[in-house]
Structure formats: structure tokens, C-alpha cells
Amino acid sequence: MNGVFDLAGTDGVGPVVVPDDEPVFRAEWEKAVFPMFAMCFRAGFFGVDQFRHGIEQIDPAVYLKSPYYEHWVHTVEHFGEKLGKLDMAELDRRTEYYLANPDAPLPAHEDDPELLAFVEAVVPAGAPAGRPSDKVARFSVGDVVRVDRSSPKGHTRRARYVRGAVGEVVLHHGPMIYPDTAGNGLGENPEHVYTVRFSNAELWGEEHAEPNGAVYFDVWDPYLELVTPAAGSAAAAPATPGGTPA
Amino acid sequence: MSDKIRTQEEIAARVKALESMLIEQGVMTTQAIDRMVEIYEHEVGPQLGAQVVVKAWTDPGFRERLLADSTEACKELGISGLQGEDLVALENTDSVHNVIVCTLCSCYPWPVLGLPPNWYKDPQYRAAITREPRKVLREAFSFDVPESVEVRVWDSSSEMRYWVLPQRPAGTEDWSEEQLLALVTRESMIGVGPLAEAA
């Protein structure tokens with residue numbers, strides 16, 4: 001979807017403000033929100049692509065003006081409501097209660113050794129997005145490619161600033177979960193992922209681009225069309241996964 | 001979905017309400033919440049990335065493995081996990097300077113750098129760094145990259161997680177591991193800042 005979250009190249013949003021130092025979590029509520037991603041994922045609320053798409057649907061003014069971890073609250077609520085896991089009237093009622101009684105305790109509950117074991121296991125293991133696939137990579141390192149310029153209504157990682165742009169494939173990473181289906185609740189449907197190098201001039205125009213620079217952007221196979229095959233290679237030869245940046 | 005910009009007090013109440021319902025459903029416990037917070041406040045952070053950098057500076061074989069497959073090389077040091085399942089280390093050289101961003105959300109290589117600083121997640125950095133990286137580095141980070149050095153901005157739009165291997169400064173050949181570790185800043189591994197001044 002086209003939205004304000006797709007920020008690259010947006011002018012006029014003000015300077016980058018970098019404090020000298022800041023804690024990992026700036027408020028107590030941030031400490032409760034951060035674990036919701038992993039724990040609600042475990043409870044079947046969303047996959048990571050759906051989680052992002054929930055954030056993309058936040059009111060645009062709220063998105064730009066609210067603290068980062070509040071975005072996570074919105075997406076947990078979004079899927080909790082959609083899946084019938086959260087009664088929103090009850091959530092509103094409790095919100096009023098805790099607003100009037102900020103020091104009121106959370107509900108008494110037992111520890112859950114399995115949940116604790118999940119935390120200890122998932123932090124070092126992660127949840128890899130790579131998937132086996134018998135799909136043949138349509139592109140090779142060195143191919144010159146153009147990004148599809150259409151505007152899907154649902155979730156995509158095809159940012160507006162690379163749509164229609166021409167660049168060179170510099171890395172091939174192999175098949176991974178496809179956000180354009182997974183993020184829209186349509187299954188993992190793995191597709192090959194590549195890194196494409198776009199010159200600054202290609203993205204912003206010679207007149208407006210900084211000199212001697214490029215942007216490296218990751219794309220999935222269906223985002224691309226071939227402009228010119230890699231010099232000296234058979235157009236059909238598949239790329240090999242891995243390798244170091246060109 | 002709400003179009004209200006909430007105060008900190010309103011957010012805190014909303015979160016506590018949500019937390020209370022998730023606790024009752026067995027989705028969360030305060031014990032598991034506290035443990036997850038403890039991990040990212042005290043165990044997983046940029047000190048881990050710094051260890052990898054110093055190892056790469058002092059062990060040429062490791063450096064090669066890190067550049068060929070950062071995920072596997074980091075596992076040699078016991079470093080892996082969430083939001084870094086597929087890592088790529090980008091080596092700065094005399095002619096190339098790398099910097100990372102996620103313009104669509106806030107993807108960041110947690111296992112080596114911990115959780116991202118707020119400026120990395122803010123709209124301002126995500127808006128400007130692909131368009132005017134030299135200007136952002138100069139104005140926000142007081143960090144000048146000479147025009148002769150190419151600036152490569154890596155926009156983390158897939159689940160690949162990029163991070164930067166800074167250059168080892170000349171004249172540090174005799175330094176201890178501890179001295180070298182003190183040079184490696186979080187900003188140098190994001191690509192927005194230099195190494196620390198020698199103490």
C-alpha cells in the first residue's frame with residue numbers, strides 16, 4: 001500500500017535528532033510492549049510481515065507523531081480484534097480504569113515455564129525467513145533490472161522510490177518468505193531475494209542527487225523485469241546464493 | 001483504528017490494559033516480560049558487534065569468513081538470533097563507506113547491535129538517509145565522508161540484516177583486544193559515525 005510509512009525521499013520532515021545518550025527503553029510501558037511482538041507471534045496473532053502491515057494501517061498523523069513502540073500496540077490490537085482474541089470494549093474499559101488508577105496492579109497470575117523457555121530459545125535462534133523452493137531464480141548477479149512500478153493495495157516491500165527504477169543485481173540470497181502474500185494472509189509462497197544497486201542519480205535525478213553514491217535495496221523475484229543480462233553470462237544461467245557484495 | 005495522538009499517561013494506561021488481557025489469556029507473563037527486557041537491556045547489545053569487529057581486525061581468516069557469510073561467522077562467537085537470522089557484514093574501505101537504514105519500518109541487526117536507537121526508527125532519518133546521506137552524516141552526526149569515498153546506503157527491505165565492519169585505524173597494530181574494543185562504537189557499525197577517539 002502507498003502510505004506515510006514509506007518514507008524514503010520524503011522532504012520537509014525536519015532534522016535527525018540524536019541525543020547524547022538514552023536508555024534502551026525510555027518508559028516502563030515500552031518494556032511491556034517490546035515482548036508483545038514475540039509472545040503474540042507465538043500465540044498466533046501474526047507473522048512478521050502481517051505485523052508490519054498492521055503498523056502500516058495506523059492513521060498517518062498518528063504514525064508520524066507517536067512514539068515507536070506505540071506502533072506495536074496498534075498492530076497487536078489490530079490483529080487481536082480481527083482474530084476475535086481481544087474484546088475492544090473491554091480493552092477500552094480497562095484503559096479508563098488504569099488511566100484513573102495508574103498504580104493498580106496487573107491481574108494475579110502464575111509463572112509459565114514454557115513461555116520462559118520460549119523466550120530463552122527464540123532470542124538466540126530467531127525465526128529465519130529462508131525457505132526451500134524449487135523455483136528457479138530468474139535473475140543473476142550482474143543483470144540490469146527494472147522494478148515493477150505498479151502500486152499494490154496490500155502489503156509489499158516494493159518502496160515507492162525504487163518503483164520503475166533501473167539497477168544492477170549485486171547479491172542473490174535464495175528463496176525467502178514473500179511479504180506480498182505472507183503480509184496479506186495469503187501464505188509464505190517463497191520467492192528468490194536479490195540485492196539491487198541503484199545509483200543516486202537513477203533514484204533522485206542527476207540534478208538533485210548527491211555525488212558518488214548508491215542505494216542497495218532488497219527485492220523479491222516478482223518485483224523485477226530484465227533490462228540487460230549480465231555481460232558475458234548466458235541469460236538463463238541461475239545465480240548462486242551467497243557471495244560478497246560487488 | 002484510533003486517530004488520537006495519545007499522551008504518555010494515556011499510552012501507559014492503554015498498554016497496561018492490553019497487557020492485563022494478554023496475561024489473562026496466558027499469552028504473556030510478567031516473568032517472561034521481565035526476562036525478555038533483561039536480555040535486551042543487558043545481554044544483547046552493540047558490545048557483541050564490537051567483539052566481532054575486533055576479531056575480524058585481528059584474525060584475517062575470520063575476516064574472510066565474516067565477509068563471505070556473516071551469519072555463520074558470528075555463530076562462531078556464539079552470536080545469533082532474532083532479527084539477525086541472515087546477517088551481511090559490509091566492509092568499509094579507503095574507497096567505500098557503508099551505512100544502514102530501513103526506510104519502510106525499522107529493521108535492524110539485533111544480535112550484533114541490540115535494539116535500535118530512537119533516531120534510527122524516527123521518520124527523519126528514514127526519510128533523508130537514502131536521499132542525502134552525506135548531509136545527514138555531516139549535520140546530525142558531525143561525520144564527514146570525503147567526496148572521493150563512495151557512500152553506499154543499504155535499505156534493509158528484506159529479512160537480510162546488514163551491518164558495517166569499520167576500518168581498523170592505522171597505528172593500532174600493537175593494541176590489546178581491550179583497547180581495540182573501546183574504539184568500536186554503535187554508530188560506527190551503523191555507518192553514521194567514526195570510531196571512538198583513542199583513550
# chains A, B, ... in the order shown; residues from 1 in each chain; ligands from 1
$ interface_residues --of "chain B" --to "chain A" --cutoff "6 Å" --atoms "only C-alpha atoms" --output "VMD selection string"
chain B and resid 3 5 12 to 14 17 20 32 to 33 68 80 to 82 85 103 to 104 119 124 to 128 131 140 150 to 155 157 to 158
$ select_by_dssp --residues "segment 6-192 of chain A" --states "helix (DSSP H, G or I)" --output "tab-separated table (two decimals) with N, CA, C and O atoms, in the first residue's frame"
chain	number	residue	atom	x	y	z
A	28	GLU	N	8.43	2.83	31.20
A	28	GLU	CA	8.05	1.49	31.68
A	28	GLU	C	7.12	0.79	30.69
A	28	GLU	O	7.23	-0.41	30.47
A	29	TRP	N	6.20	1.56	30.08
A	29	TRP	CA	5.25	0.91	29.17
A	29	TRP	C	5.97	0.30	27.96
A	29	TRP	O	5.51	-0.70	27.40
A	30	GLU	N	7.10	0.88	27.54
A	30	GLU	CA	7.83	0.30	26.40
A	30	GLU	C	8.32	-1.11	26.72
A	30	GLU	O	8.39	-1.97	25.85
A	31	LYS	N	8.65	-1.34	28.01
A	31	LYS	CA	9.13	-2.66	28.42
A	31	LYS	C	8.04	-3.72	28.33
A	31	LYS	O	8.33	-4.90	28.18
A	32	ALA	N	6.79	-3.30	28.48
A	32	ALA	CA	5.69	-4.27	28.36
A	32	ALA	C	5.35	-4.51	26.89
A	32	ALA	O	4.92	-5.61	26.52
A	33	VAL	N	5.55	-3.50	26.05
A	33	VAL	CA	5.17	-3.63	24.64
A	33	VAL	C	6.19	-4.44	23.86
A	33	VAL	O	5.83	-5.29	23.03
A	34	PHE	N	7.48	-4.21	24.12
A	34	PHE	CA	8.51	-4.89	23.32
A	34	PHE	C	8.32	-6.42	23.28
A	34	PHE	O	8.35	-7.01	22.20
A	35	PRO	N	8.07	-7.10	24.42
A	35	PRO	CA	7.90	-8.56	24.35
A	35	PRO	C	6.60	-9.01	23.66
A	35	PRO	O	6.45	-10.19	23.34
A	36	MET	N	5.66	-8.08	23.45
A	36	MET	CA	4.39	-8.48	22.81
A	36	MET	C	4.61	-9.03	21.41
A	36	MET	O	3.86	-9.89	20.95
A	37	PHE	N	5.61	-8.51	20.69
A	37	PHE	CA	5.87	-9.00	19.34
A	37	PHE	C	6.13	-10.50	19.35
A	37	PHE	O	5.44	-11.28	18.69
A	38	ALA	N	7.11	-10.93	20.15
A	38	ALA	CA	7.48	-12.36	20.17
A	38	ALA	C	6.36	-13.21	20.78
A	38	ALA	O	6.06	-14.30	20.29
A	39	MET	N	5.74	-12.71	21.85
A	39	MET	CA	4.77	-13.55	22.58
A	39	MET	C	3.43	-13.63	21.83
A	39	MET	O	2.79	-14.68	21.85
A	40	CYS	N	3.02	-12.56	21.18
A	40	CYS	CA	1.78	-12.63	20.38
A	40	CYS	C	2.03	-13.41	19.08
A	40	CYS	O	1.12	-14.06	18.57
A	41	PHE	N	3.25	-13.35	18.56
A	41	PHE	CA	3.63	-14.20	17.42
A	41	PHE	C	3.47	-15.67	17.82
A	41	PHE	O	2.84	-16.46	17.11
A	42	ARG	N	3.98	-16.02	19.00
A	42	ARG	CA	3.86	-17.39	19.50
A	42	ARG	C	2.40	-17.80	19.65
A	42	ARG	O	2.04	-18.95	19.40
A	48	VAL	N	5.62	-11.92	10.94
A	48	VAL	CA	6.32	-10.62	10.96
A	48	VAL	C	5.83	-9.70	9.84
A	48	VAL	O	5.71	-8.49	10.03
A	49	ASP	N	5.49	-10.25	8.68
A	49	ASP	CA	5.01	-9.40	7.58
A	49	ASP	C	3.63	-8.82	7.89
A	49	ASP	O	3.35	-7.66	7.59
A	50	GLN	N	2.77	-9.65	8.49
A	50	GLN	CA	1.45	-9.15	8.90
A	50	GLN	C	1.59	-8.08	9.99
A	50	GLN	O	0.87	-7.08	9.98
A	51	PHE	N	2.52	-8.33	10.91
A	51	PHE	CA	2.79	-7.37	11.98
A	51	PHE	C	3.12	-6.01	11.38
A	51	PHE	O	2.59	-4.97	11.80
A	52	ARG	N	3.99	-6.01	10.35
A	52	ARG	CA	4.35	-4.74	9.69
A	52	ARG	C	3.14	-4.13	9.01
A	52	ARG	O	2.94	-2.91	9.06
A	53	HIS	N	2.33	-4.97	8.37
A	53	HIS	CA	1.17	-4.42	7.64
A	53	HIS	C	0.15	-3.81	8.60
A	53	HIS	O	-0.49	-2.81	8.27
A	54	GLY	N	0.04	-4.38	9.79
A	54	GLY	CA	-0.83	-3.77	10.80
A	54	GLY	C	-0.35	-2.37	11.15
A	54	GLY	O	-1.16	-1.44	11.29
A	55	ILE	N	0.97	-2.21	11.26
A	55	ILE	CA	1.55	-0.89	11.55
A	55	ILE	C	1.29	0.08	10.39
A	55	ILE	O	0.98	1.26	10.61
A	56	GLU	N	1.36	-0.44	9.18
A	56	GLU	CA	1.17	0.44	8.00
A	56	GLU	C	-0.24	1.03	7.96
A	56	GLU	O	-0.48	2.04	7.30
A	60	PRO	N	-2.29	8.00	9.50
A	60	PRO	CA	-0.99	8.58	9.11
A	60	PRO	C	-0.47	9.65	10.06
A	60	PRO	O	0.75	9.71	10.31
A	61	ALA	N	-1.34	10.49	10.59
A	61	ALA	CA	-0.87	11.53	11.53
A	61	ALA	C	-0.35	10.88	12.81
A	61	ALA	O	0.68	11.28	13.35
A	62	VAL	N	-1.05	9.85	13.27
A	62	VAL	CA	-0.61	9.14	14.49
A	62	VAL	C	0.72	8.45	14.21
A	62	VAL	O	1.63	8.49	15.04
A	63	TYR	N	0.83	7.83	13.03
A	63	TYR	CA	2.07	7.12	12.69
A	63	TYR	C	3.28	8.05	12.83
A	63	TYR	O	4.31	7.69	13.40
A	64	LEU	N	3.15	9.25	12.29
A	64	LEU	CA	4.30	10.16	12.27
A	64	LEU	C	4.57	10.80	13.62
A	64	LEU	O	5.71	11.17	13.91
A	65	LYS	N	3.55	10.92	14.46
A	65	LYS	CA	3.71	11.70	15.69
A	65	LYS	C	3.81	10.85	16.96
A	65	LYS	O	4.07	11.38	18.03
A	68	TYR	N	7.64	5.21	18.84
A	68	TYR	CA	7.79	3.99	18.03
A	68	TYR	C	7.03	2.79	18.59
A	68	TYR	O	6.28	2.12	17.89
A	69	TYR	N	7.24	2.49	19.85
A	69	TYR	CA	6.63	1.26	20.38
A	69	TYR	C	5.10	1.35	20.47
A	69	TYR	O	4.44	0.33	20.56
A	70	GLU	N	4.55	2.57	20.38
A	70	GLU	CA	3.09	2.65	20.33
A	70	GLU	C	2.57	2.03	19.02
A	70	GLU	O	1.46	1.52	18.95
A	71	HIS	N	3.40	2.05	17.96
A	71	HIS	CA	3.01	1.39	16.70
A	71	HIS	C	2.73	-0.09	16.94
A	71	HIS	O	1.83	-0.68	16.34
A	72	TRP	N	3.54	-0.68	17.82
A	72	TRP	CA	3.37	-2.11	18.11
A	72	TRP	C	2.06	-2.36	18.83
A	72	TRP	O	1.41	-3.39	18.63
A	73	VAL	N	1.65	-1.43	19.70
A	73	VAL	CA	0.37	-1.56	20.40
A	73	VAL	C	-0.76	-1.60	19.38
A	73	VAL	O	-1.66	-2.44	19.45
A	74	HIS	N	-0.68	-0.70	18.39
A	74	HIS	CA	-1.74	-0.65	17.37
A	74	HIS	C	-1.85	-1.96	16.59
A	74	HIS	O	-2.96	-2.42	16.31
A	75	THR	N	-0.72	-2.54	16.22
A	75	THR	CA	-0.79	-3.74	15.39
A	75	THR	C	-1.25	-4.94	16.21
A	75	THR	O	-1.99	-5.80	15.72
A	76	VAL	N	-0.87	-5.01	17.50
A	76	VAL	CA	-1.38	-6.08	18.37
A	76	VAL	C	-2.90	-5.96	18.51
A	76	VAL	O	-3.64	-6.94	18.38
A	77	GLU	N	-3.37	-4.73	18.72
A	77	GLU	CA	-4.82	-4.51	18.81
A	77	GLU	C	-5.51	-4.88	17.49
A	77	GLU	O	-6.57	-5.51	17.50
A	78	HIS	N	-4.91	-4.46	16.38
A	78	HIS	CA	-5.49	-4.70	15.05
A	78	HIS	C	-5.76	-6.19	14.84
A	78	HIS	O	-6.86	-6.59	14.45
A	79	PHE	N	-4.74	-7.02	15.12
A	79	PHE	CA	-4.91	-8.46	14.90
A	79	PHE	C	-5.71	-9.12	16.02
A	79	PHE	O	-6.45	-10.07	15.77
A	80	GLY	N	-5.58	-8.60	17.24
A	80	GLY	CA	-6.38	-9.13	18.34
A	80	GLY	C	-7.87	-8.98	18.06
A	80	GLY	O	-8.67	-9.90	18.28
A	81	GLU	N	-8.25	-7.83	17.52
A	81	GLU	CA	-9.65	-7.57	17.19
A	81	GLU	C	-10.08	-8.42	15.99
A	81	GLU	O	-11.13	-9.08	16.01
A	82	LYS	N	-9.23	-8.44	14.96
A	82	LYS	CA	-9.56	-9.14	13.72
A	82	LYS	C	-9.76	-10.64	13.97
A	82	LYS	O	-10.63	-11.27	13.35
A	88	MET	N	-12.60	-5.38	22.28
A	88	MET	CA	-12.15	-3.99	22.27
A	88	MET	C	-12.91	-3.14	23.28
A	88	MET	O	-12.34	-2.18	23.82
A	89	ALA	N	-14.18	-3.46	23.54
A	89	ALA	CA	-14.94	-2.69	24.55
A	89	ALA	C	-14.33	-2.92	25.93
A	89	ALA	O	-14.19	-1.98	26.73
A	90	GLU	N	-13.92	-4.15	26.17
A	90	GLU	CA	-13.27	-4.47	27.45
A	90	GLU	C	-11.90	-3.77	27.54
A	90	GLU	O	-11.52	-3.26	28.60
A	91	LEU	N	-11.20	-3.74	26.43
A	91	LEU	CA	-9.89	-3.06	26.41
A	91	LEU	C	-10.07	-1.57	26.72
A	91	LEU	O	-9.30	-1.00	27.50
A	92	ASP	N	-11.10	-0.96	26.13
A	92	ASP	CA	-11.38	0.46	26.40
A	92	ASP	C	-11.74	0.67	27.89
A	92	ASP	O	-11.30	1.64	28.50
A	93	ARG	N	-12.54	-0.25	28.41
A	93	ARG	CA	-12.96	-0.13	29.80
A	93	ARG	C	-11.74	-0.21	30.74
A	93	ARG	O	-11.57	0.60	31.64
A	94	ARG	N	-10.87	-1.18	30.48
A	94	ARG	CA	-9.67	-1.33	31.32
A	94	ARG	C	-8.72	-0.14	31.16
A	94	ARG	O	-8.02	0.24	32.10
A	95	THR	N	-8.67	0.41	29.94
A	95	THR	CA	-7.82	1.58	29.72
A	95	THR	C	-8.26	2.72	30.62
A	95	THR	O	-7.43	3.39	31.26
A	96	GLU	N	-9.57	2.96	30.68
A	96	GLU	CA	-10.11	4.02	31.55
A	96	GLU	C	-9.76	3.73	33.01
A	96	GLU	O	-9.40	4.64	33.76
A	97	TYR	N	-9.87	2.47	33.39
A	97	TYR	CA	-9.57	2.08	34.77
A	97	TYR	C	-8.10	2.38	35.11
A	97	TYR	O	-7.81	3.00	36.14
A	98	TYR	N	-7.18	1.96	34.23
A	98	TYR	CA	-5.76	2.18	34.54
A	98	TYR	C	-5.36	3.65	34.38
A	98	TYR	O	-4.39	4.10	35.00
A	99	LEU	N	-6.12	4.40	33.57
A	99	LEU	CA	-5.85	5.83	33.46
A	99	LEU	C	-6.20	6.52	34.79
A	99	LEU	O	-5.45	7.39	35.27
A	100	ALA	N	-7.31	6.08	35.40
A	100	ALA	CA	-7.72	6.65	36.69
A	100	ALA	C	-6.91	6.06	37.84
A	100	ALA	O	-6.76	6.70	38.89
A	113	PRO	N	6.48	-21.78	32.86
A	113	PRO	CA	7.84	-22.21	32.49
A	113	PRO	C	8.01	-22.39	30.98
A	113	PRO	O	9.09	-22.13	30.44
A	114	GLU	N	6.95	-22.79	30.28
A	114	GLU	CA	7.06	-22.99	28.83
A	114	GLU	C	7.26	-21.66	28.10
A	114	GLU	O	8.00	-21.58	27.13
A	115	LEU	N	6.59	-20.62	28.59
A	115	LEU	CA	6.74	-19.31	27.97
A	115	LEU	C	8.16	-18.77	28.20
A	115	LEU	O	8.79	-18.21	27.29
A	116	LEU	N	8.64	-18.96	29.42
A	116	LEU	CA	10.00	-18.52	29.73
A	116	LEU	C	11.01	-19.29	28.86
A	116	LEU	O	11.95	-18.70	28.31
A	117	ALA	N	10.79	-20.57	28.70
A	117	ALA	CA	11.68	-21.39	27.87
A	117	ALA	C	11.63	-20.92	26.41
A	117	ALA	O	12.65	-20.92	25.70
A	118	PHE	N	10.44	-20.50	25.96
A	118	PHE	CA	10.31	-19.96	24.60
A	118	PHE	C	11.19	-18.72	24.43
A	118	PHE	O	11.91	-18.59	23.44
A	119	VAL	N	11.15	-17.81	25.41
A	119	VAL	CA	11.97	-16.59	25.33
A	119	VAL	C	13.45	-16.95	25.26
A	119	VAL	O	14.19	-16.45	24.40
A	120	GLU	N	13.87	-17.86	26.15
A	120	GLU	CA	15.28	-18.24	26.17
A	120	GLU	C	15.71	-18.90	24.85
A	120	GLU	O	16.85	-18.77	24.43
A	121	ALA	N	14.79	-19.58	24.20
A	121	ALA	CA	15.13	-20.30	22.97
A	121	ALA	C	15.04	-19.40	21.74
A	121	ALA	O	15.87	-19.48	20.83
A	122	VAL	N	14.02	-18.53	21.69
A	122	VAL	CA	13.78	-17.80	20.44
A	122	VAL	C	14.78	-16.65	20.25
A	122	VAL	O	15.13	-16.31	19.12
A	123	VAL	N	15.27	-16.07	21.34
A	123	VAL	CA	16.20	-14.95	21.19
A	123	VAL	C	17.46	-15.37	20.43
A	123	VAL	O	17.82	-14.75	19.44
A	124	PRO	N	18.15	-16.46	20.84
A	124	PRO	CA	19.33	-16.87	20.07
A	124	PRO	C	19.03	-17.61	18.76
A	124	PRO	O	19.88	-17.65	17.88
A	125	ALA	N	17.83	-18.20	18.65
A	125	ALA	CA	17.55	-18.99	17.43
A	125	ALA	C	16.90	-18.15	16.35
A	125	ALA	O	17.14	-18.35	15.16
A	160	ARG	N	8.15	3.01	-2.79
A	160	ARG	CA	7.83	3.86	-3.94
A	160	ARG	C	9.08	4.38	-4.64
A	160	ARG	O	9.09	4.55	-5.84
A	161	TYR	N	10.13	4.67	-3.88
A	161	TYR	CA	11.28	5.34	-4.51
A	161	TYR	C	12.09	4.42	-5.43
A	161	TYR	O	12.91	4.93	-6.19
A	162	VAL	N	11.87	3.11	-5.35
A	162	VAL	CA	12.57	2.22	-6.30
A	162	VAL	C	11.66	1.74	-7.42
A	162	VAL	O	12.13	1.11	-8.37
A	179	PRO	N	6.70	-11.37	1.23
A	179	PRO	CA	5.84	-10.50	2.05
A	179	PRO	C	4.54	-10.11	1.36
A	179	PRO	O	3.54	-9.84	2.04
A	180	ASP	N	4.55	-10.09	0.01
A	180	ASP	CA	3.35	-9.64	-0.71
A	180	ASP	C	2.21	-10.65	-0.59
A	180	ASP	O	1.05	-10.31	-0.85
A	181	THR	N	2.54	-11.90	-0.22
A	181	THR	CA	1.47	-12.84	0.11
A	181	THR	C	1.39	-13.01	1.64
A	181	THR	O	0.32	-12.85	2.22
A	182	ALA	N	2.53	-13.28	2.29
A	182	ALA	CA	2.51	-13.54	3.74
A	182	ALA	C	1.92	-12.36	4.52
A	182	ALA	O	1.14	-12.55	5.45
$ select_by_dssp --residues "segment 27-178 of chain B" --states "strand (DSSP E)" --output "ChimeraX atom specification"
/B:86-91,96-101,150-155,160-165
$ write_last_selection --atoms "C-alpha atoms" --output "PDB file, in the first residue's frame"
ATOM      1  CA  ASP B  86      20.605 -13.721   7.975  1.00  0.00           C
ATOM      2  CA  LEU B  87      23.401 -11.223   8.560  1.00  0.00           C
ATOM      3  CA  VAL B  88      25.610  -9.487   5.977  1.00  0.00           C
ATOM      4  CA  ALA B  89      28.681  -7.547   7.141  1.00  0.00           C
ATOM      5  CA  LEU B  90      29.643  -4.634   4.881  1.00  0.00           C
ATOM      6  CA  GLU B  91      33.325  -3.741   4.908  1.00  0.00           C
ATOM      7  CA  VAL B  96      33.700   2.759   0.094  1.00  0.00           C
ATOM      8  CA  HIS B  97      31.683   3.831   3.143  1.00  0.00           C
ATOM      9  CA  ASN B  98      28.542   1.861   4.064  1.00  0.00           C
ATOM     10  CA  VAL B  99      25.524   2.982   6.092  1.00  0.00           C
ATOM     11  CA  ILE B 100      22.337   1.105   7.006  1.00  0.00           C
ATOM     12  CA  VAL B 101      18.675   2.081   7.259  1.00  0.00           C
ATOM     13  CA  GLU B 150      31.596   6.298  -2.360  1.00  0.00           C
ATOM     14  CA  VAL B 151      28.647   6.262   0.074  1.00  0.00           C
ATOM     15  CA  ARG B 152      26.538   3.098  -0.120  1.00  0.00           C
ATOM     16  CA  VAL B 153      23.222   3.161   1.730  1.00  0.00           C
ATOM     17  CA  TRP B 154      21.772  -0.287   2.441  1.00  0.00           C
ATOM     18  CA  ASP B 155      17.982  -0.163   2.837  1.00  0.00           C
ATOM     19  CA  MET B 160      18.620  -9.780   5.356  1.00  0.00           C
ATOM     20  CA  ARG B 161      20.229  -7.725   8.123  1.00  0.00           C
ATOM     21  CA  TYR B 162      23.150  -5.559   7.078  1.00  0.00           C
ATOM     22  CA  TRP B 163      25.729  -4.005   9.378  1.00  0.00           C
ATOM     23  CA  VAL B 164      29.054  -2.279   8.939  1.00  0.00           C
ATOM     24  CA  LEU B 165      32.591  -3.509   9.526  1.00  0.00           C
TER      25      LEU B 165
END
$ residues_around --residues "Pro222 of chain A" --least-positions-apart "6" --cutoff "9 Å" --atoms "only C-alpha atoms" --output "VMD selection string"
chain A and resid 148 191 to 192
